[in-house]
$ cat run_5.csv   # CSV, C-alpha atoms
chain,number,residue,atom,x,y,z
A,127,MET,CA,16.1,20.4,-34.6
A,128,ARG,CA,16.1,20.0,-30.8
A,129,LEU,CA,19.1,18.5,-29.0
A,130,ALA,CA,19.0,15.5,-26.6
A,131,VAL,CA,21.9,14.4,-24.3
A,132,ILE,CA,21.7,10.8,-23.3
A,133,THR,CA,24.0,9.2,-20.7
A,134,GLY,CA,24.6,5.5,-20.9
A,135,GLY,CA,24.0,5.9,-24.6
A,136,SER,CA,26.1,3.1,-26.0
A,137,SER,CA,23.7,0.2,-25.4
A,138,GLY,CA,20.5,-0.9,-23.9
A,139,ILE,CA,17.9,1.7,-22.9
A,140,GLY,CA,20.2,4.6,-23.8
A,141,ALA,CA,20.8,3.4,-27.3
A,142,ALA,CA,17.2,2.5,-27.9
A,143,THR,CA,16.1,6.0,-26.7
A,144,ALA,CA,18.6,7.6,-29.0
A,145,ARG,CA,17.3,5.6,-32.0
A,146,LEU,CA,13.7,6.5,-31.2
A,147,LEU,CA,14.4,10.2,-30.6
A,148,THR,CA,16.5,10.4,-33.9
A,149,ALA,CA,13.5,8.9,-35.8
A,150,ARG,CA,11.4,11.6,-34.3
A,151,GLY,CA,13.7,14.4,-35.5
A,152,TRP,CA,15.9,15.0,-32.5
A,153,GLN,CA,19.7,15.4,-32.7
A,154,CYS,CA,21.4,13.3,-30.0
A,155,VAL,CA,24.7,13.5,-28.1
A,156,LEU,CA,25.5,10.2,-26.5
A,157,LEU,CA,27.6,9.8,-23.4
A,158,ALA,CA,29.2,6.6,-22.2
A,159,ARG,CA,32.5,5.3,-20.6
A,160,GLY,CA,33.5,3.0,-23.5
A,161,ALA,CA,34.5,4.6,-26.8
A,162,GLU,CA,34.2,1.7,-29.2
A,163,LEU,CA,30.5,0.8,-28.8
A,164,LEU,CA,29.6,4.4,-28.2
A,165,GLU,CA,31.0,5.6,-31.5
A,166,LYS,CA,29.4,2.7,-33.3
A,167,VAL,CA,25.9,3.6,-32.1
A,168,ALA,CA,26.5,7.3,-32.8
A,169,ALA,CA,27.6,6.6,-36.3
A,170,GLU,CA,24.5,4.4,-36.9
A,171,ILE,CA,22.1,7.3,-36.1
A,172,GLN,CA,24.4,10.2,-37.0
A,173,ALA,CA,24.7,11.4,-33.4
A,174,GLU,CA,27.6,13.0,-31.6
A,175,ALA,CA,29.6,10.9,-29.1
A,176,GLU,CA,31.4,12.0,-25.9
A,177,VAL,CA,33.3,9.6,-23.8
A,178,CYS,CA,32.4,10.4,-20.2
A,179,ASP,CA,32.3,8.7,-16.8
A,180,VAL,CA,29.3,10.4,-15.2
A,181,SER,CA,30.6,9.4,-11.7
A,182,ASP,CA,33.5,11.8,-12.3
A,183,ARG,CA,32.1,15.4,-11.7
A,184,ALA,CA,35.1,17.0,-13.5
A,185,GLN,CA,34.6,14.9,-16.6
A,186,VAL,CA,30.9,15.8,-16.6
A,187,ASP,CA,31.7,19.5,-16.4
A,188,GLU,CA,34.2,19.2,-19.2
A,189,VAL,CA,31.8,17.4,-21.5
A,190,ALA,CA,29.0,19.9,-20.8
A,191,ALA,CA,31.4,22.7,-21.6
A,192,ARG,CA,32.4,21.1,-24.9
A,193,ILE,CA,28.8,20.5,-25.9
A,194,ALA,CA,28.0,24.2,-25.0
A,195,GLU,CA,30.7,25.3,-27.5
A,196,ARG,CA,28.8,23.4,-30.3
A,197,HIS,CA,25.2,23.9,-29.2
A,198,PRO,CA,23.4,26.8,-27.6
A,199,ALA,CA,20.8,24.8,-25.8
A,200,VAL,CA,19.8,21.2,-24.8
A,201,GLY,CA,16.1,20.4,-24.9
A,202,LEU,CA,16.3,17.0,-23.2
A,203,LEU,CA,18.6,15.3,-20.8
A,204,VAL,CA,18.2,11.6,-20.2
A,205,ASN,CA,20.1,10.4,-17.1
A,206,ASN,CA,20.3,6.7,-17.9
A,207,ALA,CA,23.9,5.6,-17.0
A,208,GLY,CA,23.9,2.7,-14.5
A,209,TYR,CA,26.2,0.3,-12.7
A,210,THR,CA,25.4,-3.4,-12.1
A,211,GLY,CA,25.1,-4.3,-8.4
A,212,ARG,CA,22.7,-7.1,-7.8
A,213,ARG,CA,24.7,-8.5,-4.9
A,214,GLY,CA,23.9,-7.7,-1.3
A,215,PHE,CA,25.7,-5.3,1.1
A,216,LEU,CA,27.9,-8.1,2.6
A,217,GLU,CA,28.9,-9.5,-0.7
A,218,LEU,CA,30.1,-6.3,-2.4
A,219,GLN,CA,33.5,-4.7,-2.0
A,220,PRO,CA,33.6,-1.1,-0.7
A,221,GLU,CA,34.9,0.1,-4.1
A,222,GLU,CA,31.9,-1.5,-5.8
A,223,ILE,CA,29.5,0.2,-3.5
A,224,GLU,CA,31.1,3.5,-4.1
A,225,ASN,CA,30.9,2.9,-7.9
A,226,ILE,CA,27.2,2.1,-7.7
A,227,VAL,CA,26.3,5.2,-5.7
A,228,ASP,CA,28.7,7.5,-7.7
A,229,THR,CA,27.3,6.3,-11.1
A,230,VAL,CA,23.6,5.8,-10.4
A,231,TYR,CA,22.8,8.6,-8.0
A,232,LEU,CA,25.6,11.2,-8.2
A,233,GLY,CA,25.9,10.7,-11.9
A,234,SER,CA,22.4,12.1,-12.4
A,235,VAL,CA,23.1,14.9,-9.9
A,236,TRP,CA,26.3,16.0,-11.7
A,237,CYS,CA,24.8,15.8,-15.2
A,238,THR,CA,21.7,17.8,-14.2
A,239,ARG,CA,23.8,20.5,-12.6
A,240,ALA,CA,26.3,20.7,-15.5
A,241,PHE,CA,23.6,20.8,-18.2
A,242,LEU,CA,21.1,23.0,-16.4
A,243,PRO,CA,22.3,26.3,-18.1
A,244,LEU,CA,21.8,24.6,-21.5
A,245,LEU,CA,18.4,23.2,-20.5
A,246,GLU,CA,17.3,26.7,-19.3
A,247,ALA,CA,18.4,28.1,-22.6
A,248,ALA,CA,16.0,25.7,-24.4
A,249,ARG,CA,13.0,26.1,-22.0
A,250,PRO,CA,10.7,24.5,-21.9
A,251,ALA,CA,13.1,21.6,-21.5
A,252,ASP,CA,13.0,18.2,-19.9
A,253,VAL,CA,15.1,15.9,-17.7
A,254,VAL,CA,14.3,12.2,-17.5
A,255,ASN,CA,15.9,10.2,-14.8
A,256,VAL,CA,15.8,6.4,-15.5
A,257,VAL,CA,15.5,5.0,-12.1
A,258,SER,CA,14.0,1.5,-11.4
A,259,VAL,CA,11.4,-0.3,-9.5
A,260,ALA,CA,14.3,-1.0,-7.2
A,261,GLY,CA,14.0,2.7,-6.2
A,262,THR,CA,10.5,2.0,-4.9
A,263,PHE,CA,10.9,-1.5,-3.4
A,264,ALA,CA,14.0,-2.7,-1.5
A,265,HIS,CA,15.0,-6.3,-0.9
A,266,GLY,CA,18.0,-7.9,0.7
A,267,ALA,CA,19.7,-9.1,-2.4
A,268,SER,CA,20.4,-5.6,-3.8
A,269,GLY,CA,20.8,-3.3,-0.9
A,270,PRO,CA,23.4,-0.8,-2.2
A,271,TYR,CA,21.9,-0.7,-5.7
A,272,SER,CA,18.4,-0.3,-4.4
A,273,ALA,CA,19.6,2.4,-1.9
A,274,SER,CA,21.2,4.4,-4.8
A,275,LYS,CA,18.0,4.1,-6.8
A,276,HIS,CA,16.0,5.3,-3.8
A,277,ALA,CA,18.3,8.3,-3.6
A,278,GLN,CA,17.9,9.0,-7.3
A,279,LEU,CA,14.1,8.8,-7.1
A,280,ALA,CA,14.1,11.2,-4.1
A,281,PHE,CA,16.4,13.6,-6.0
A,282,SER,CA,14.0,13.5,-9.0
A,283,ARG,CA,11.0,14.2,-6.9
A,284,SER,CA,12.6,17.1,-5.2
A,285,ILE,CA,14.1,18.8,-8.2
A,286,ARG,CA,10.8,18.5,-10.2
A,287,THR,CA,9.4,21.3,-8.0
A,288,GLU,CA,12.7,23.2,-7.7
A,289,LEU,CA,13.3,23.4,-11.5
A,290,ALA,CA,9.7,24.0,-12.6
A,291,GLY,CA,10.2,27.7,-12.1
A,292,ARG,CA,13.2,27.6,-14.4
A,293,GLY,CA,11.2,26.1,-17.3
A,294,VAL,CA,12.7,22.6,-16.8
A,295,ARG,CA,10.4,19.6,-16.3
A,296,VAL,CA,11.7,16.5,-14.5
A,297,HIS,CA,10.3,13.0,-15.1
A,298,THR,CA,11.1,9.7,-13.5
A,299,VAL,CA,10.8,6.4,-15.3
A,300,ASN,CA,10.9,3.3,-13.1
A,301,PRO,CA,11.3,0.1,-15.2
A,302,GLY,CA,11.0,-3.5,-13.9
A,303,PRO,CA,13.6,-6.0,-15.2
A,304,VAL,CA,15.0,-5.0,-18.6
A,305,GLU,CA,17.3,-7.2,-20.7
A,306,THR,CA,20.3,-5.1,-21.5
A,307,PRO,CA,24.1,-5.9,-21.9
A,308,GLY,CA,24.8,-4.1,-18.6
A,309,PHE,CA,21.9,-5.7,-16.7
A,310,PRO,CA,21.4,-9.2,-18.1
A,311,GLN,CA,18.3,-11.0,-16.9
A,312,ARG,CA,19.3,-14.6,-17.4
A,313,HIS,CA,18.1,-15.6,-13.9
A,314,LEU,CA,14.6,-14.5,-14.9
A,315,LEU,CA,14.7,-15.6,-18.6
A,316,SER,CA,15.5,-19.1,-17.5
A,317,ARG,CA,12.2,-19.4,-15.8
A,318,ARG,CA,8.8,-19.6,-17.6
A,319,VAL,CA,7.0,-17.1,-15.4
A,320,GLY,CA,10.1,-14.9,-15.0
A,321,SER,CA,10.6,-14.5,-18.7
A,322,ARG,CA,7.3,-12.8,-19.0
A,323,LEU,CA,8.4,-10.1,-16.6
A,324,VAL,CA,11.5,-9.1,-18.6
A,325,LEU,CA,11.1,-6.0,-20.7
A,326,GLN,CA,13.0,-4.9,-23.8
A,327,PRO,CA,14.9,-1.6,-24.0
A,328,GLU,CA,12.6,-0.4,-26.8
A,329,ARG,CA,9.6,-0.4,-24.6
A,330,ILE,CA,11.4,1.7,-22.0
A,331,ALA,CA,12.5,4.1,-24.7
A,332,GLU,CA,8.9,4.5,-25.8
A,333,THR,CA,7.9,5.1,-22.1
A,334,ILE,CA,10.6,7.8,-21.8
A,335,VAL,CA,9.3,9.7,-24.9
A,336,ARG,CA,5.7,9.4,-23.7
A,337,ALA,CA,6.6,10.7,-20.2
A,338,VAL,CA,8.1,13.8,-21.9
A,339,GLU,CA,5.3,14.3,-24.4
A,340,ARG,CA,2.6,13.9,-21.7
A,341,ASP,CA,4.5,15.6,-18.9
A,342,ARG,CA,4.2,12.5,-16.6
A,343,ALA,CA,6.0,13.1,-13.4
A,344,GLU,CA,6.6,9.5,-12.5
A,345,VAL,CA,6.0,6.3,-14.5
A,346,VAL,CA,6.4,2.7,-13.4
A,347,VAL,CA,6.6,0.1,-16.2
A,348,PRO,CA,4.9,-2.3,-16.2
A,349,ARG,CA,2.2,-0.5,-14.2
A,350,TYR,CA,1.3,-3.4,-11.9
A,351,LEU,CA,4.8,-3.1,-10.3
A,352,ARG,CA,3.6,0.1,-8.6
A,353,VAL,CA,1.9,-2.2,-6.1
A,354,ALA,CA,5.3,-3.4,-4.7
A,355,GLY,CA,6.4,0.0,-3.7
A,356,ALA,CA,3.0,0.9,-2.2
A,357,VAL,CA,2.9,-2.3,-0.1
A,358,GLN,CA,6.4,-1.9,1.3
A,359,ALA,CA,5.6,1.8,2.2
A,360,LEU,CA,2.4,0.8,4.0
A,361,ALA,CA,3.7,-2.4,5.7
A,362,PRO,CA,7.5,-2.3,5.8
A,363,GLY,CA,7.7,-4.6,8.9
A,364,THR,CA,5.6,-7.3,7.3
A,365,ILE,CA,7.6,-7.2,4.1
A,366,ALA,CA,10.9,-7.4,6.0
A,367,ARG,CA,9.7,-10.4,8.0
A,368,LEU,CA,8.5,-12.2,4.8
A,369,ALA,CA,11.8,-11.5,3.1
A,370,THR,CA,13.8,-12.7,6.0
A,371,ARG,CA,11.8,-16.0,6.1
A,372,ALA,CA,12.2,-16.5,2.4
A,373,ARG,CA,15.9,-15.9,2.6
A,374,GLY,CA,16.2,-18.4,5.4
A,375,ARG,CA,14.7,-21.1,3.2
A,376,LEU,CA,17.2,-20.6,0.4
$ encode --input "run_5.csv" --output "structure tokens"
Amino acid sequence: MRLAVITGGSSGIGAATARLLTARGWQCVLLARGAELLEKVAAEIQAEAEVCDVSDRAQVDEVAARIAERHPAVGLLVNNAGYTGRRGFLELQPEEIENIVDTVYLGSVWCTRAFLPLLEAARPADVVNVVSVAGTFAHGASGPYSASKHAQLAFSRSIRTELAGRGVRVHTVNPGPVETPGFPQRHLLSRRVGSRLVLQPERIAETIVRAVERDRAEVVVPRYLRVAGAVQALAPGTIARLATRARGRL
């Protein structure tokens, strides 16, 4: 039985991924900051639970060491932990900006570093970084969050090449809006057209598993949202002007 470590495993995408992997014969270790919900999900699927704030490098190292005492190898690491930050740069407090960057970007860095020896022991092994369409397309209402996701995406792309020689494959999953407890989509669900854009965690879990099984380097779900990132990359000035005008009409 292969072992998967999933951060942000107490709800949403993390919990859905753990349930799917368990159904496919994986043993899971779930990481999250809050103990109560984490232990509930772990008990449901007979997984192990470790309370851990991935933004704290020392905590991540300690958890990785504890897991290494129980397991010789980790076949899959899913870096899914996130931090809500939809407000813009001028609206967020400095501490909130730090929390976003530390959790979203650095959390995936610290976890990948800490679990790398266990991943190498299981090679071929896989790392999945759950990023976001916000990592490919930036807009004014979510500057710090989008910036942290851009950093996480760049990190994923760079280490895919770097870790290939160590027998560790890196995959990036970039979802559009997903309805989860940590990232509620009420502003979209309240609109007829917007409600059709909102995904459920189970669909992202299926995408994560397929990315690993098919060795997909980078996946955007739904696929049509790939256009947003491509358009901004090709015409950043035009997109900025349109966004500024739209904001001025609000």
$ atom_distance --input "run_5.csv" --atom1 "atom CA of Gly208 of chain A" --atom2 "atom CA of Thr298 of chain A"
14.6 Å
$ residues_around --input "run_5.csv" --residues "Gly269 of chain A" --least-positions-apart "2" --cutoff "6 Å" --atoms "only C-alpha atoms" --output "list in words"
Gly214, Phe215, Gly266, Tyr271, Ser272 and Ala273 of chain A
$ atom_distance --input "run_5.csv" --atom1 "atom CA of Gly135 of chain A" --atom2 "atom CA of Thr210 of chain A"
15.6 Å
$ closest_residue --input "run_5.csv" --among "A:Val257, A:Ala240, A:Glu246, A:Pro270" --to "Glu217 of chain A" --atoms "all atoms listed in the file"
A:Pro270
$ atom_distance --input "run_5.csv" --atom1 "atom CA of Pro220 of chain A" --atom2 "atom CA of Ala277 of chain A"
18.2 Å
$ residues_around --input "run_5.csv" --residues "His297 of chain A" --least-positions-apart "4" --cutoff "9 Å" --atoms "all atoms listed in the file" --output "MDAnalysis selection string"
chainID A and resid 252:256 282:283 286 334 337:338 341:345
$ write_last_selection --input "run_5.csv" --atoms "C-alpha atoms" --output "short mmCIF file (atom, residue, chain, number, x, y, z; two decimals), in the coordinates of the input"
data_model
loop_
_atom_site.label_atom_id
_atom_site.label_comp_id
_atom_site.auth_asym_id
_atom_site.auth_seq_id
_atom_site.Cartn_x
_atom_site.Cartn_y
_atom_site.Cartn_z
CA ASP A 252 13.00 18.20 -19.90
CA VAL A 253 15.10 15.90 -17.70
CA VAL A 254 14.30 12.20 -17.50
CA ASN A 255 15.90 10.20 -14.80
CA VAL A 256 15.80 6.40 -15.50
CA SER A 282 14.00 13.50 -9.00
CA ARG A 283 11.00 14.20 -6.90
CA ARG A 286 10.80 18.50 -10.20
CA ILE A 334 10.60 7.80 -21.80
CA ALA A 337 6.60 10.70 -20.20
CA VAL A 338 8.10 13.80 -21.90
CA ASP A 341 4.50 15.60 -18.90
CA ARG A 342 4.20 12.50 -16.60
CA ALA A 343 6.00 13.10 -13.40
CA GLU A 344 6.60 9.50 -12.50
CA VAL A 345 6.00 6.30 -14.50
#
$ closest_residue --input "run_5.csv" --among "A:Arg150, A:Arg349, A:Arg239, A:His197" --to "Leu323 of chain A" --atoms "all atoms listed in the file"
A:Arg349
$ closest_residue --input "run_5.csv" --among "A:Gln172, A:Asn225, A:Ser136, A:Asn205" --to "Trp152 of chain A" --atoms "all atoms listed in the file"
A:Gln172
$ residues_around --input "run_5.csv" --residues "Phe241 of chain A" --least-positions-apart "5" --cutoff "8 Å" --atoms "all atoms listed in the file" --output "ChimeraX atom specification"
/A:190,200,203
$ decode --input "run_5.csv" --residues "segment 246-280 of chain A" --atoms "C-alpha atoms" --output "mmCIF file, in the first residue's frame"
data_model
loop_
_atom_site.group_PDB
_atom_site.id
_atom_site.type_symbol
_atom_site.label_atom_id
_atom_site.label_comp_id
_atom_site.auth_asym_id
_atom_site.auth_seq_id
_atom_site.Cartn_x
_atom_site.Cartn_y
_atom_site.Cartn_z
ATOM 1 C CA GLU A 246 13.027 9.709 -3.223
ATOM 2 C CA ALA A 247 12.772 6.540 -1.160
ATOM 3 C CA ALA A 248 9.519 5.703 -2.975
ATOM 4 C CA ARG A 249 10.641 6.624 -6.487
ATOM 5 C CA PRO A 250 9.042 6.930 -8.818
ATOM 6 C CA ALA A 251 7.045 9.341 -6.648
ATOM 7 C CA ASP A 252 4.880 12.382 -7.315
ATOM 8 C CA VAL A 253 4.257 15.890 -6.000
ATOM 9 C CA VAL A 254 1.037 17.701 -6.896
ATOM 10 C CA ASN A 255 0.855 21.423 -6.213
ATOM 11 C CA VAL A 256 -2.733 22.653 -6.186
ATOM 12 C CA VAL A 257 -2.298 26.167 -7.509
ATOM 13 C CA SER A 258 -5.147 28.106 -9.166
ATOM 14 C CA VAL A 259 -6.184 29.893 -12.311
ATOM 15 C CA ALA A 260 -5.232 32.931 -10.199
ATOM 16 C CA GLY A 261 -1.664 31.753 -10.717
ATOM 17 C CA THR A 262 -1.996 32.289 -14.469
ATOM 18 C CA PHE A 263 -4.218 35.387 -14.535
ATOM 19 C CA ALA A 264 -3.900 38.358 -12.182
ATOM 20 C CA HIS A 265 -6.585 40.951 -11.507
ATOM 21 C CA GLY A 266 -6.811 43.888 -9.156
ATOM 22 C CA ALA A 267 -9.162 42.357 -6.610
ATOM 23 C CA SER A 268 -6.748 39.647 -5.471
ATOM 24 C CA GLY A 269 -3.217 40.988 -5.854
ATOM 25 C CA PRO A 270 -1.375 39.289 -2.939
ATOM 26 C CA TYR A 271 -3.231 35.998 -3.342
ATOM 27 C CA SER A 272 -2.654 35.937 -7.084
ATOM 28 C CA ALA A 273 1.015 36.852 -6.586
ATOM 29 C CA SER A 274 1.505 33.943 -4.178
ATOM 30 C CA LYS A 275 -0.153 31.588 -6.658
ATOM 31 C CA HIS A 276 2.052 32.908 -9.475
ATOM 32 C CA ALA A 277 5.065 32.155 -7.260
ATOM 33 C CA GLN A 278 3.762 28.668 -6.476
ATOM 34 C CA LEU A 279 3.230 27.996 -10.183
ATOM 35 C CA ALA A 280 6.744 29.173 -11.085
#
